[in-house]
file query.txt (compact mmCIF, C-alpha atoms and all ligand atoms)
# COMPACT_ATOMS: atom_id res chain seq x y z
CA MET F 112 65.84 91.24 96.83
CA ILE F 113 69.25 90.04 97.96
CA LEU F 114 70.70 90.78 101.41
CA PHE F 115 74.49 90.49 101.76
CA GLU F 116 75.46 89.93 105.40
CA ASN F 117 78.70 89.68 107.36
CA ALA F 118 80.60 91.70 104.76
CA ARG F 119 83.89 93.50 105.26
CA LEU F 120 82.69 96.58 103.41
CA TRP F 121 85.21 98.77 101.57
CA ASN F 122 83.46 101.87 100.37
CA GLY F 123 86.12 104.41 99.44
CA LEU F 124 87.70 105.09 102.86
CA ASP F 125 91.18 104.20 104.12
CA GLU F 126 89.81 101.20 106.03
CA ALA F 127 87.15 98.59 105.45
CA GLU F 128 84.33 98.06 107.96
CA PRO F 129 83.55 94.54 109.17
CA GLY F 130 80.10 93.16 109.99
CA MET F 131 78.18 95.16 107.40
CA SER F 132 75.03 94.35 105.42
CA VAL F 133 73.88 95.55 102.01
CA LEU F 134 70.36 95.14 100.64
CA VAL F 135 69.90 94.99 96.86
CA GLU F 136 66.49 95.53 95.31
CA GLY F 137 66.18 95.07 91.58
CA GLU F 138 69.08 96.77 89.81
CA THR F 139 70.08 99.09 92.63
CA ILE F 140 71.23 99.22 96.23
CA ARG F 141 68.47 99.98 98.68
CA GLU F 142 70.14 100.03 102.09
CA VAL F 143 73.57 99.78 103.71
CA GLY F 144 73.94 99.19 107.45
CA ARG F 145 75.00 97.09 110.38
CA THR F 146 71.76 95.15 110.69
CA ILE F 147 69.09 95.17 108.02
CA ALA F 148 65.89 93.23 108.60
CA SER F 149 64.30 91.77 105.50
CA ALA F 150 62.32 88.58 105.62
CA ALA F 151 61.57 88.72 101.90
CA ALA F 152 65.21 88.94 100.74
CA GLN F 153 67.47 86.05 99.82
CA HIS F 154 70.21 86.11 102.51
CA VAL F 155 73.83 85.73 101.36
CA ASP F 156 76.44 85.30 104.14
CA LEU F 157 79.78 86.67 102.91
CA GLY F 158 81.66 85.13 105.85
CA GLY F 159 83.78 88.26 106.37
CA ARG F 160 84.90 88.52 102.75
CA THR F 161 85.52 91.99 101.30
CA LEU F 162 82.55 93.58 99.53
CA MET F 163 83.46 96.61 97.43
CA PRO F 164 82.12 98.62 94.49
CA GLY F 165 82.56 97.13 91.02
CA LEU F 166 85.76 98.38 89.38
CA ILE F 167 85.88 101.16 86.78
CA ASP F 168 88.56 101.33 84.08
CA ALA F 169 88.45 104.92 82.81
CA HIS F 170 90.70 104.40 79.77
CA VAL F 171 90.07 101.44 77.46
CA HIS F 172 89.62 100.84 73.74
CA LEU F 173 87.01 98.12 73.33
CA VAL F 174 87.55 97.79 69.59
CA ALA F 175 91.37 97.51 69.80
CA SER F 176 91.66 93.74 69.41
CA SER F 177 94.95 94.03 67.47
CA THR F 178 98.18 95.62 68.69
CA ASN F 179 98.85 97.26 65.32
CA LEU F 180 96.13 99.91 65.11
CA ALA F 181 96.41 100.37 61.34
CA ALA F 182 95.82 96.63 60.85
CA ASN F 183 93.00 96.85 63.41
CA ALA F 184 91.29 99.56 61.37
CA LEU F 185 91.27 97.32 58.29
CA LEU F 186 89.52 94.37 59.96
CA PRO F 187 85.95 93.67 58.85
CA ASP F 188 83.45 95.45 61.12
CA ALA F 189 81.75 92.19 62.14
CA VAL F 190 85.05 90.73 63.34
CA VAL F 191 85.79 93.92 65.29
CA ALA F 192 82.35 93.79 66.95
CA PHE F 193 82.55 90.14 67.99
CA ARG F 194 86.09 90.58 69.31
CA ALA F 195 84.94 93.65 71.28
CA GLY F 196 82.24 91.47 72.83
CA LYS F 197 84.88 88.97 73.92
CA LEU F 198 87.11 91.70 75.41
CA MET F 199 84.11 93.16 77.23
CA ARG F 200 83.18 89.86 78.83
CA GLU F 201 86.77 89.29 79.95
CA MET F 202 86.87 92.78 81.52
CA LEU F 203 83.64 92.08 83.39
CA MET F 204 85.05 88.81 84.73
CA ARG F 205 88.05 90.74 86.09
CA GLY F 206 85.57 92.78 88.13
CA PHE F 207 85.27 95.83 85.86
CA THR F 208 81.56 96.64 85.88
CA THR F 209 82.04 99.99 84.09
CA VAL F 210 84.55 101.25 81.52
CA ARG F 211 85.09 104.50 79.69
CA ASP F 212 86.11 103.97 76.06
CA LEU F 213 88.56 106.59 74.76
CA GLY F 214 88.07 105.98 71.06
CA GLY F 215 86.41 103.38 68.88
CA ALA F 216 83.37 102.02 70.71
CA THR F 217 80.01 103.10 69.31
CA LEU F 218 76.44 103.46 70.44
CA GLY F 219 75.83 100.20 68.55
CA LEU F 220 77.96 98.27 71.04
CA LYS F 221 76.14 99.94 73.92
CA LEU F 222 72.76 99.03 72.43
CA ALA F 223 73.88 95.41 71.97
CA TRP F 224 74.91 95.40 75.65
CA GLU F 225 71.59 96.93 76.72
CA GLU F 226 69.75 94.26 74.75
CA GLY F 227 71.74 91.59 76.55
CA LEU F 228 73.37 90.34 73.34
CA ILE F 229 76.79 90.79 74.92
CA GLU F 230 77.94 90.72 78.54
CA GLY F 231 80.36 93.38 79.64
CA PRO F 232 80.91 96.57 81.59
CA ARG F 233 78.64 99.59 81.41
CA MET F 234 80.10 102.02 78.90
CA SER F 235 80.85 105.72 78.66
CA LEU F 236 81.75 106.53 75.04
CA CYS F 237 83.35 109.25 72.91
CA GLY F 238 82.76 107.60 69.54
CA LYS F 239 85.85 108.23 67.44
CA ALA F 240 88.75 110.23 68.90
CA LEU F 241 89.54 113.44 66.98
CA SER F 242 93.04 113.94 65.60
CA GLN F 243 94.70 116.44 63.30
CA THR F 244 96.35 115.19 60.11
CA GLY F 245 99.58 113.50 61.12
CA GLY F 246 98.37 113.28 64.74
CA HIS F 247 97.94 110.30 67.04
CA ALA F 248 94.89 108.88 65.28
CA ASP F 249 96.42 109.24 61.80
CA LEU F 250 97.64 105.69 61.29
CA ARG F 251 98.93 106.03 57.73
CA PRO F 252 102.62 105.29 57.34
CA ARG F 253 104.56 108.26 55.97
CA LEU F 254 104.59 106.87 52.43
CA ASP F 255 100.87 106.09 52.43
CA ALA F 256 99.12 108.92 50.59
CA ARG F 257 95.61 107.47 50.68
CA ASP F 258 92.79 109.76 51.75
CA TYR F 259 92.09 109.16 55.44
CA GLY F 260 88.45 108.35 54.77
CA PHE F 261 89.79 104.93 53.82
CA PHE F 262 90.29 104.22 57.55
CA GLU F 263 87.85 106.31 59.44
CA SER F 264 84.60 104.83 58.17
CA ARG F 265 85.56 101.52 59.78
CA LEU F 266 84.54 100.25 63.21
CA GLY F 267 88.13 99.19 63.93
CA SER F 268 89.44 102.75 63.55
CA LEU F 269 89.83 104.39 66.95
CA GLY F 270 89.85 107.88 65.53
CA ARG F 271 88.98 110.31 62.76
CA ILE F 272 90.75 113.30 61.26
CA ALA F 273 89.42 116.84 61.62
CA ASP F 274 91.56 119.88 60.77
CA GLY F 275 90.60 123.46 61.51
CA VAL F 276 88.09 125.00 63.89
CA ASP F 277 85.04 124.41 61.70
CA ALA F 278 85.92 120.78 61.00
CA VAL F 279 86.57 120.17 64.70
CA ARG F 280 83.21 121.70 65.61
CA ARG F 281 81.45 119.57 63.02
CA ALA F 282 83.22 116.39 64.15
CA CYS F 283 82.26 117.10 67.79
CA ARG F 284 78.64 117.64 66.77
CA GLU F 285 78.61 114.46 64.70
CA GLU F 286 80.04 112.36 67.52
CA ILE F 287 77.60 113.83 70.05
CA ARG F 288 74.69 113.26 67.66
CA ALA F 289 75.83 109.65 67.24
CA GLY F 290 75.73 109.06 70.99
CA ALA F 291 79.08 110.21 72.38
CA ASP F 292 78.99 110.86 76.14
CA TYR F 293 82.02 113.18 75.88
CA ILE F 294 84.67 114.28 73.33
CA LYS F 295 88.20 112.87 72.95
CA LEU F 296 91.05 114.79 71.31
CA MET F 297 94.60 113.75 70.43
CA ALA F 298 96.61 116.73 71.72
CA ASN F 299 100.14 115.25 71.78
CA GLY F 300 102.22 112.83 69.77
CA GLY F 301 101.76 109.16 70.59
CA VAL F 302 103.41 105.75 70.75
CA ALA F 303 101.11 103.67 68.55
CA SER F 304 101.03 106.08 65.57
CA PRO F 305 103.80 106.25 62.93
CA SER F 306 104.51 109.93 62.22
CA ASP F 307 104.14 111.93 65.44
CA PRO F 308 107.00 112.04 67.97
CA ILE F 309 105.82 112.27 71.61
CA ALA F 310 106.75 115.97 71.87
CA PHE F 311 104.50 117.07 68.98
CA LEU F 312 101.49 119.10 70.05
CA GLY F 313 98.20 118.06 68.49
CA TYR F 314 95.77 120.82 67.48
CA SER F 315 96.07 124.59 67.81
CA GLU F 316 94.69 126.31 70.88
CA SER F 317 91.76 127.64 68.86
CA GLU F 318 90.83 124.09 67.81
CA LEU F 319 91.11 122.83 71.41
CA ARG F 320 88.94 125.68 72.68
CA ALA F 321 86.37 125.06 69.94
CA ALA F 322 86.04 121.42 71.04
CA VAL F 323 85.70 122.47 74.68
CA GLU F 324 82.96 124.94 73.73
CA GLU F 325 81.10 122.30 71.68
CA ALA F 326 81.33 119.80 74.54
CA SER F 327 80.11 122.30 77.12
CA MET F 328 77.21 123.28 74.85
CA ALA F 329 76.22 119.60 75.00
CA GLN F 330 76.60 119.52 78.82
CA THR F 331 79.73 117.43 78.67
CA TYR F 332 83.54 117.62 78.69
CA VAL F 333 86.70 116.97 76.67
CA ALA F 334 89.34 114.32 77.34
CA ALA F 335 92.74 114.67 75.68
CA HIS F 336 95.61 112.32 74.96
CA LEU F 337 98.63 114.03 76.58
CA TYR F 338 102.21 113.27 77.60
CA THR F 339 104.39 116.37 77.69
CA ASP F 340 104.27 119.05 80.34
CA ASP F 341 103.72 121.90 77.86
CA GLY F 342 100.99 119.88 76.16
CA ILE F 343 99.24 119.28 79.48
CA ALA F 344 99.61 122.92 80.60
CA ARG F 345 98.09 124.07 77.31
CA ALA F 346 95.19 121.62 77.63
CA VAL F 347 94.43 122.83 81.16
CA ARG F 348 94.51 126.45 79.93
CA CYS F 349 92.05 125.59 77.14
CA GLY F 350 89.51 124.01 79.50
CA ILE F 351 90.13 120.31 78.90
CA ARG F 352 88.97 118.35 81.92
CA SER F 353 90.20 114.78 81.52
CA LEU F 354 93.97 114.52 81.13
CA GLU F 355 94.99 111.11 79.73
CA HIS F 356 98.39 109.49 80.48
CA CYS F 357 100.30 112.59 81.78
CA ASN F 358 103.60 110.69 81.99
CA LEU F 359 105.83 113.81 81.67
CA ILE F 360 103.86 116.18 83.90
CA THR F 361 105.62 118.49 86.40
CA VAL F 362 104.38 119.22 89.92
CA GLU F 363 103.69 122.83 88.92
CA THR F 364 101.42 121.84 86.03
CA ALA F 365 99.75 119.16 88.16
CA ARG F 366 98.92 121.88 90.70
CA ALA F 367 97.39 124.10 88.00
CA ALA F 368 95.40 121.12 86.75
CA ALA F 369 94.10 120.36 90.25
CA GLU F 370 93.08 124.00 90.71
CA ALA F 371 91.22 123.93 87.39
CA GLY F 372 89.26 120.87 88.54
CA CYS F 373 90.90 118.47 86.06
CA ILE F 374 91.26 114.75 86.65
CA ALA F 375 94.26 112.79 85.35
CA CYS F 376 93.97 109.29 84.00
CA PRO F 377 97.38 107.58 83.96
CA THR F 378 97.71 104.29 82.05
CA LEU F 379 101.06 102.85 83.13
CA VAL F 380 100.44 99.17 82.42
CA THR F 381 100.24 99.68 78.68
CA TYR F 382 103.84 100.97 78.44
CA GLN F 383 105.08 98.02 80.49
CA ALA F 384 103.14 95.64 78.26
CA LEU F 385 104.28 97.35 75.03
CA LYS F 386 107.89 97.23 76.21
CA GLU F 387 107.71 93.51 76.94
CA GLU F 388 105.38 92.31 74.18
CA GLY F 389 104.72 95.10 71.66
CA ALA F 390 107.30 94.21 69.03
CA SER F 391 106.40 90.51 68.99
CA LEU F 392 102.70 91.42 68.66
CA GLY F 393 103.19 93.54 65.54
CA LEU F 394 103.76 97.04 66.90
CA GLY F 395 105.70 98.97 64.22
CA PRO F 396 109.41 99.82 64.75
CA GLU F 397 108.65 103.60 64.81
CA SER F 398 106.34 102.90 67.75
CA VAL F 399 108.67 100.53 69.62
CA ALA F 400 111.34 103.25 69.52
CA LYS F 401 109.02 105.67 71.36
CA ILE F 402 107.92 103.46 74.29
CA ASP F 403 110.65 104.45 76.73
CA ASP F 404 110.07 108.18 76.04
CA VAL F 405 107.02 107.82 78.28
CA ARG F 406 107.42 104.50 80.14
CA LEU F 407 110.43 105.51 82.23
CA ALA F 408 108.68 108.54 83.75
CA GLY F 409 105.56 106.61 84.75
CA LEU F 410 105.86 105.93 88.48
CA GLU F 411 107.41 109.32 89.13
CA SER F 412 104.44 111.01 87.45
CA LEU F 413 102.09 109.36 89.97
CA GLU F 414 104.09 110.77 92.88
CA LYS F 415 104.10 114.24 91.34
CA MET F 416 100.35 114.25 90.72
CA ARG F 417 99.67 112.97 94.23
CA SER F 418 101.84 115.61 95.88
CA ALA F 419 100.10 118.30 93.81
CA GLY F 420 96.66 117.07 94.90
CA LEU F 421 95.59 116.17 91.37
CA THR F 422 92.88 113.50 91.43
CA MET F 423 93.79 110.37 89.46
CA ALA F 424 91.41 107.87 87.89
CA PHE F 425 92.34 104.31 86.94
CA GLY F 426 93.13 103.66 83.26
CA THR F 427 94.91 100.98 81.26
CA ASP F 428 94.81 101.73 77.49
CA LEU F 429 95.83 98.19 76.49
CA LEU F 430 95.78 96.85 72.95
CA GLY F 431 95.16 93.40 71.49
CA PRO F 432 96.26 90.34 73.49
CA MET F 433 97.80 92.64 76.14
CA HIS F 434 94.30 93.26 77.54
CA ARG F 435 94.81 90.27 79.85
CA ARG F 436 97.16 92.53 81.88
CA GLN F 437 94.40 95.06 82.70
CA SER F 438 94.46 94.52 86.48
CA GLU F 439 98.26 94.80 86.70
CA GLU F 440 97.68 98.57 86.77
CA PHE F 441 96.64 98.08 90.43
CA THR F 442 99.95 96.52 91.48
CA ILE F 443 102.03 98.94 89.39
CA ARG F 444 100.39 101.95 91.10
CA GLY F 445 100.66 100.17 94.47
CA GLN F 446 104.45 100.48 94.19
CA VAL F 447 104.21 104.22 94.92
CA LEU F 448 100.66 104.93 96.13
CA PRO F 449 98.72 103.70 99.19
CA ALA F 450 96.42 100.79 98.32
CA ALA F 451 93.28 102.69 99.39
CA GLU F 452 94.20 105.52 96.99
CA VAL F 453 94.70 103.03 94.15
CA LEU F 454 91.29 101.48 94.87
CA ARG F 455 89.67 104.93 94.97
CA SER F 456 91.11 105.63 91.50
CA ALA F 457 89.07 102.70 90.14
CA THR F 458 85.90 103.55 92.09
CA VAL F 459 85.06 107.01 93.49
CA HIS F 460 87.60 108.98 91.43
CA ALA F 461 86.67 107.26 88.17
CA ALA F 462 82.97 107.77 88.95
CA LYS F 463 83.64 111.49 89.35
CA LEU F 464 85.51 111.57 86.04
CA LEU F 465 82.56 109.86 84.32
CA ARG F 466 80.18 112.27 86.08
CA GLN F 467 78.30 109.35 87.60
CA GLU F 468 79.03 109.93 91.28
CA GLY F 469 76.47 108.23 93.49
CA ARG F 470 75.52 105.82 90.69
CA ILE F 471 78.76 103.85 90.24
CA GLY F 472 81.97 103.43 92.22
CA CYS F 473 80.19 103.39 95.57
CA ILE F 474 77.90 101.19 97.64
CA ALA F 475 75.09 103.53 98.64
CA PRO F 476 71.30 103.70 98.40
CA GLY F 477 70.30 104.52 94.82
CA ALA F 478 73.59 103.37 93.24
CA TRP F 479 73.63 100.59 90.66
CA ALA F 480 74.14 97.26 92.44
CA ASP F 481 77.58 96.81 90.85
CA MET F 482 79.79 95.06 93.41
CA ILE F 483 82.58 92.54 93.74
CA VAL F 484 83.31 90.10 96.57
CA VAL F 485 87.04 89.60 97.16
CA ASP F 486 88.53 86.59 98.93
CA GLY F 487 90.92 88.44 101.24
CA ASP F 488 91.84 92.07 101.81
CA PRO F 489 92.78 94.10 98.72
CA LEU F 490 93.93 96.96 101.00
CA ALA F 491 96.67 94.62 102.22
CA ASP F 492 97.32 92.96 98.86
CA LEU F 493 96.30 94.64 95.59
CA SER F 494 97.36 91.55 93.63
CA LEU F 495 94.10 89.95 94.78
CA LEU F 496 92.54 91.94 91.94
CA THR F 497 94.86 90.36 89.35
CA GLY F 498 94.69 86.82 87.97
CA GLN F 499 91.66 87.26 85.66
CA GLY F 500 89.22 87.47 88.59
CA ARG F 501 90.51 84.30 90.28
CA HIS F 502 90.20 85.88 93.75
CA LEU F 503 86.75 87.32 93.13
CA ALA F 504 84.16 85.02 94.73
CA ALA F 505 81.30 86.98 93.21
CA ILE F 506 80.66 89.76 90.69
CA MET F 507 77.31 91.52 90.60
CA GLN F 508 76.23 94.01 87.94
CA GLY F 509 72.90 95.81 88.07
CA GLY F 510 71.68 93.45 90.82
CA ARG F 511 72.46 90.32 88.79
CA PHE F 512 75.24 87.86 89.61
CA VAL F 513 77.53 87.52 86.60
CA LYS F 514 79.75 85.30 88.75
CA ASN F 515 78.84 83.58 92.00
CA GLU F 516 81.11 81.06 93.69
CA LEU F 517 79.95 81.89 97.21
CA ALA F 518 78.01 78.68 97.80
ZN ZN I 601 96.38 108.15 74.31
ZN ZN I 602 93.96 105.36 74.57
call {"tool": "encode", "arguments": {"input": "query.txt", "output": "C-alpha cells"}}
result
Amino acid sequence: MILFENARLWNGLDEAEPGMSVLVEGETIREVGRTIASAAAQHVDLGGRTLMPGLIDAHVHLVASSTNLAANALLPDAVVAFRAGKLMREMLMRGFTTVRDLGGATLGLKLAWEEGLIEGPRMSLCGKALSQTGGHADLRPRLDARDYGFFESRLGSLGRIADGVDAVRRACREEIRAGADYIKLMANGGVASPSDPIAFLGYSESELRAAVEEASMAQTYVAAHLYTDDGIARAVRCGIRSLEHCNLITVETARAAAEAGCIACPTLVTYQALKEEGASLGLGPESVAKIDDVRLAGLESLEKMRSAGLTMAFGTDLLGPMHRRQSEEFTIRGQVLPAAEVLRSATVHAAKLLRQEGRIGCIAPGAWADMIVVDGDPLADLSLLTGQGRHLAAIMQGGRFVKNELA
C-alpha cells in the first residue's frame, strides 16, 4: 500500500483542495481523505504538489507512426507494432494513462500491453475505422485502381472499406468479434485522405443507422469522424454518440447534440501541427490544401459547443513525428476555455465518453490508481502539462510508479 500525503488534490472541480491524502492498495485507490491512518502503507509526502487523475486522450491513432497514411499502411506489420509501442510509452510519460484509439490499434496491442511487453496507456479500441469507397479511410490516390484489400489487411491501415448496409453490418460484427470496444465511422470528408473534400458526407443515413444498431446490440456506441454542420446534425439524428473534431459545428446543432446525450471530441492541435509541419513530413498536396478548411474554425467551435452545453472530451489525432505535440492541446483550448474545464475534458469528460466513469479520470475509492503529480498548479498554468512530462514529478498507473522523481 502507498499513502500519498500533503497533496493539493485536483479531482474534477473548479478548485484543488490542499492537505489531502490518498491511499492506494494494489492496482486501485482505496481511500481519499484529510487524514488517513495506515501504519502498513509506504508514506509519500507530496509537499503540497498537485495530485490529479492520470490524463485521458480520447482521440489517438497508435499505429500512425508516419504522417502520410498511405505510406503508413504499406509499412511491415512488425515495424508498425514496434513504433506503436514507442508512441505508447511516450504518451504515458506525458501523463496519459488511458487513450482511446480511433482507428488502427488492435486487440493484439492491448494483449501485449496486458502482458507487460510494452508500457503505455490503457486502451479503448475500435479496430479499423469504417469508410465508404472514396471516403476518409480510402487512401488510394485517384489514379490508383488497386482493390482496397491491398491496404486493409495491414496493421498500418487505420481503416477498412465497407459499402452498403449489409457490408457495414458485417464489418461492425467483425470488428466487435475481434475485440473492438466501440465502432468508428468516417462520416465526412477528411484532411489526410486524397479524394474526399471536407464537405463530402460519408455513408448514407441507412448505413449510419445500421452501424448504430449493430453497436447498440453489442452494448456499445458509434464514434464518427465529422467536420461540417450538416454532417454533424445528420450523425446526431442517426444516433451516433461520439462526435469527432466538429470544427464547423453551429450552436444550434451543438444544442441538439447535447440534448441527444452526445459528447464531442475536438482535436485542434493536429490542424496546427499539420499547418506548420505537414508538408515537410510528407503529407500530400491534396491534403495540405484542405487544412485551413477546418483549422481556422477551431477555437470558435469550442466556444460554440461550450455555450450550447455540449460536453467536450480531450482529443489530439496527431500523426507521425507530430505526436510530440500531444499536450499542446491543453494550452490551445486554454486560450478560450477555463483551465478547469480543459482538465475535465481529459479526465471526467473523457471517462464518460469511454463509459468508464468511476474507474478512470477520477481519484475515488475503487478507481484504477492512475494519477499524476504536477510540480505547480495546472489550473493556473496549463503549460505545466506540456514539455514531454518535464513538470510531472510522478506518474502512477494501476498502482505502479512508471515515473517517480519525488525523492
Ligand atoms: Zn477524423
Ligand atoms: Zn483520427
call {"tool": "closest_residue", "arguments": {"input": "query.txt", "among": "F:Leu120, F:Gly267, F:Leu250, F:Leu430", "to": "Leu186 (chain F)", "atoms": "all atoms listed in the file"}}
result
F:Gly267
call {"tool": "atom_distance", "arguments": {"input": "query.txt", "atom1": "CA of Asn515 (chain F)", "atom2": "CA of Asp125 (chain F)"}}
result
26.9 Å
call {"tool": "residues_near_ligand", "arguments": {"input": "query.txt", "ligand": "ligand ZN 602 (chain I)", "cutoff": "10 Å", "atoms": "all atoms listed in the file", "output": "PyMOL selection string"}}
result
chain F and resi 169-172+175+212-215+240+247-248+269+295+297+301+303+335-336+355-356+378+381+426-430
call {"tool": "atom_distance", "arguments": {"input": "query.txt", "atom1": "CA of Ala322 (chain F)", "atom2": "CA of Leu236 (chain F)"}}
result
16.0 Å
call {"tool": "atom_distance", "arguments": {"input": "query.txt", "atom1": "CA of Glu325 (chain F)", "atom2": "CA of Arg470 (chain F)"}}
result
25.8 Å
call {"tool": "closest_residue", "arguments": {"input": "query.txt", "among": "F:Met199, F:Val399, F:Ala367, F:Ala504", "to": "Gly487 (chain F)", "atoms": "all atoms listed in the file"}}
result
F:Ala504
call {"tool": "residues_around", "arguments": {"input": "query.txt", "residues": "Arg455 (chain F)", "least_positions_apart": "5", "cutoff": "10 Å", "atoms": "all atoms listed in the file", "output": "PDB file with C-alpha atoms, in the coordinates of the input"}}
result
ATOM      1  CA  ASN F 122      83.460 101.870 100.370  1.00  0.00           C
ATOM      2  CA  GLY F 123      86.120 104.410  99.440  1.00  0.00           C
ATOM      3  CA  LEU F 124      87.700 105.090 102.860  1.00  0.00           C
ATOM      4  CA  ASP F 125      91.180 104.200 104.120  1.00  0.00           C
ATOM      5  CA  PRO F 164      82.120  98.620  94.490  1.00  0.00           C
ATOM      6  CA  LEU F 166      85.760  98.380  89.380  1.00  0.00           C
ATOM      7  CA  ILE F 167      85.880 101.160  86.780  1.00  0.00           C
ATOM      8  CA  THR F 422      92.880 113.500  91.430  1.00  0.00           C
ATOM      9  CA  MET F 423      93.790 110.370  89.460  1.00  0.00           C
ATOM     10  CA  ALA F 424      91.410 107.870  87.890  1.00  0.00           C
ATOM     11  CA  PHE F 425      92.340 104.310  86.940  1.00  0.00           C
ATOM     12  CA  ALA F 450      96.420 100.790  98.320  1.00  0.00           C
ATOM     13  CA  HIS F 460      87.600 108.980  91.430  1.00  0.00           C
ATOM     14  CA  ALA F 461      86.670 107.260  88.170  1.00  0.00           C
ATOM     15  CA  ALA F 462      82.970 107.770  88.950  1.00  0.00           C
ATOM     16  CA  GLY F 472      81.970 103.430  92.220  1.00  0.00           C
ATOM     17  CA  CYS F 473      80.190 103.390  95.570  1.00  0.00           C
TER      18      CYS F 473
END
call {"tool": "closest_residue", "arguments": {"input": "query.txt", "among": "F:Leu162, F:Gly196, F:Asn358, F:Val143", "to": "ligand ZN 601 (chain I)", "atoms": "only C-alpha atoms and all ligand atoms"}}
result
F:Asn358
call {"tool": "residues_around", "arguments": {"input": "query.txt", "residues": "Thr217 (chain F)", "least_positions_apart": "6", "cutoff": "9 Å", "atoms": "only C-alpha atoms", "output": "PDB file with C-alpha atoms, in the coordinates of the input"}}
result
ATOM      1  CA  LEU F 236      81.750 106.530  75.040  1.00  0.00           C
ATOM      2  CA  CYS F 237      83.350 109.250  72.910  1.00  0.00           C
ATOM      3  CA  GLY F 238      82.760 107.600  69.540  1.00  0.00           C
ATOM      4  CA  LYS F 239      85.850 108.230  67.440  1.00  0.00           C
ATOM      5  CA  LEU F 266      84.540 100.250  63.210  1.00  0.00           C
ATOM      6  CA  ALA F 289      75.830 109.650  67.240  1.00  0.00           C
ATOM      7  CA  GLY F 290      75.730 109.060  70.990  1.00  0.00           C
ATOM      8  CA  ALA F 291      79.080 110.210  72.380  1.00  0.00           C
TER       9      ALA F 291
END
call {"tool": "closest_residue", "arguments": {"input": "query.txt", "among": "F:Thr161, F:Asn117, F:Thr339, F:Thr364", "to": "ligand ZN 601 (chain I)", "atoms": "all atoms listed in the file"}}
result
F:Thr339
call {"tool": "residues_around", "arguments": {"input": "query.txt", "residues": "Ala419 (chain F)", "least_positions_apart": "6", "cutoff": "8 Å", "atoms": "only C-alpha atoms", "output": "NGL selection string"}}
result
:F and (362-363 or 365-366 or 369)
call {"tool": "closest_residue", "arguments": {"input": "query.txt", "among": "F:Ser176, F:Asn183, F:Thr331, F:Asn299", "to": "Ala195 (chain F)", "atoms": "only C-alpha atoms"}}
result
F:Ser176
call {"tool": "decode", "arguments": {"input": "query.txt", "residues": "region 437-441 of chain F", "atoms": "all heavy atoms", "output": "PDB file, in the first residue's frame"}}
result
ATOM      1  N   GLN F 437       1.355  16.398 -28.461  1.00  0.00           N
ATOM      2  CA  GLN F 437       0.095  15.921 -27.865  1.00  0.00           C
ATOM      3  C   GLN F 437      -0.455  16.863 -26.781  1.00  0.00           C
ATOM      4  O   GLN F 437      -1.638  17.192 -26.778  1.00  0.00           O
ATOM      5  CB  GLN F 437       0.330  14.524 -27.275  1.00  0.00           C
ATOM      6  CG  GLN F 437      -0.915  13.829 -26.752  1.00  0.00           C
ATOM      7  CD  GLN F 437      -0.618  12.390 -26.333  1.00  0.00           C
ATOM      8  OE1 GLN F 437       0.510  12.061 -25.967  1.00  0.00           O
ATOM      9  NE2 GLN F 437      -1.623  11.537 -26.383  1.00  0.00           N
ATOM     10  N   SER F 438       0.405  17.296 -25.868  1.00  0.00           N
ATOM     11  CA  SER F 438      -0.085  18.067 -24.718  1.00  0.00           C
ATOM     12  C   SER F 438      -0.330  19.534 -25.056  1.00  0.00           C
ATOM     13  O   SER F 438      -0.879  20.270 -24.228  1.00  0.00           O
ATOM     14  CB  SER F 438       0.897  17.947 -23.559  1.00  0.00           C
ATOM     15  OG  SER F 438       1.105  16.580 -23.267  1.00  0.00           O
ATOM     16  N   GLU F 439       0.042  19.964 -26.254  1.00  0.00           N
ATOM     17  CA  GLU F 439      -0.254  21.344 -26.665  1.00  0.00           C
ATOM     18  C   GLU F 439      -1.754  21.571 -26.791  1.00  0.00           C
ATOM     19  O   GLU F 439      -2.229  22.713 -26.770  1.00  0.00           O
ATOM     20  CB  GLU F 439       0.425  21.687 -28.003  1.00  0.00           C
ATOM     21  CG  GLU F 439       1.921  21.859 -27.890  1.00  0.00           C
ATOM     22  CD  GLU F 439       2.578  22.085 -29.254  1.00  0.00           C
ATOM     23  OE1 GLU F 439       1.955  22.726 -30.126  1.00  0.00           O
ATOM     24  OE2 GLU F 439       3.704  21.602 -29.441  1.00  0.00           O
ATOM     25  N   GLU F 440      -2.534  20.474 -26.925  1.00  0.00           N
ATOM     26  CA  GLU F 440      -3.990  20.625 -26.976  1.00  0.00           C
ATOM     27  C   GLU F 440      -4.497  21.337 -25.701  1.00  0.00           C
ATOM     28  O   GLU F 440      -5.478  22.082 -25.762  1.00  0.00           O
ATOM     29  CB  GLU F 440      -4.652  19.249 -27.138  1.00  0.00           C
ATOM     30  CG  GLU F 440      -6.166  19.255 -27.253  1.00  0.00           C
ATOM     31  CD  GLU F 440      -6.706  19.725 -28.614  1.00  0.00           C
ATOM     32  OE1 GLU F 440      -5.945  19.726 -29.605  1.00  0.00           O
ATOM     33  OE2 GLU F 440      -7.886  20.104 -28.676  1.00  0.00           O
ATOM     34  N   PHE F 441      -3.823  21.121 -24.570  1.00  0.00           N
ATOM     35  CA  PHE F 441      -4.246  21.789 -23.325  1.00  0.00           C
ATOM     36  C   PHE F 441      -4.124  23.300 -23.456  1.00  0.00           C
ATOM     37  O   PHE F 441      -5.042  24.041 -23.107  1.00  0.00           O
ATOM     38  CB  PHE F 441      -3.382  21.322 -22.141  1.00  0.00           C
ATOM     39  CG  PHE F 441      -3.676  19.925 -21.697  1.00  0.00           C
ATOM     40  CD1 PHE F 441      -2.808  18.884 -21.993  1.00  0.00           C
ATOM     41  CD2 PHE F 441      -4.820  19.647 -20.965  1.00  0.00           C
ATOM     42  CE1 PHE F 441      -3.070  17.589 -21.582  1.00  0.00           C
ATOM     43  CE2 PHE F 441      -5.102  18.356 -20.536  1.00  0.00           C
ATOM     44  CZ  PHE F 441      -4.222  17.323 -20.855  1.00  0.00           C
TER      45      PHE F 441
END
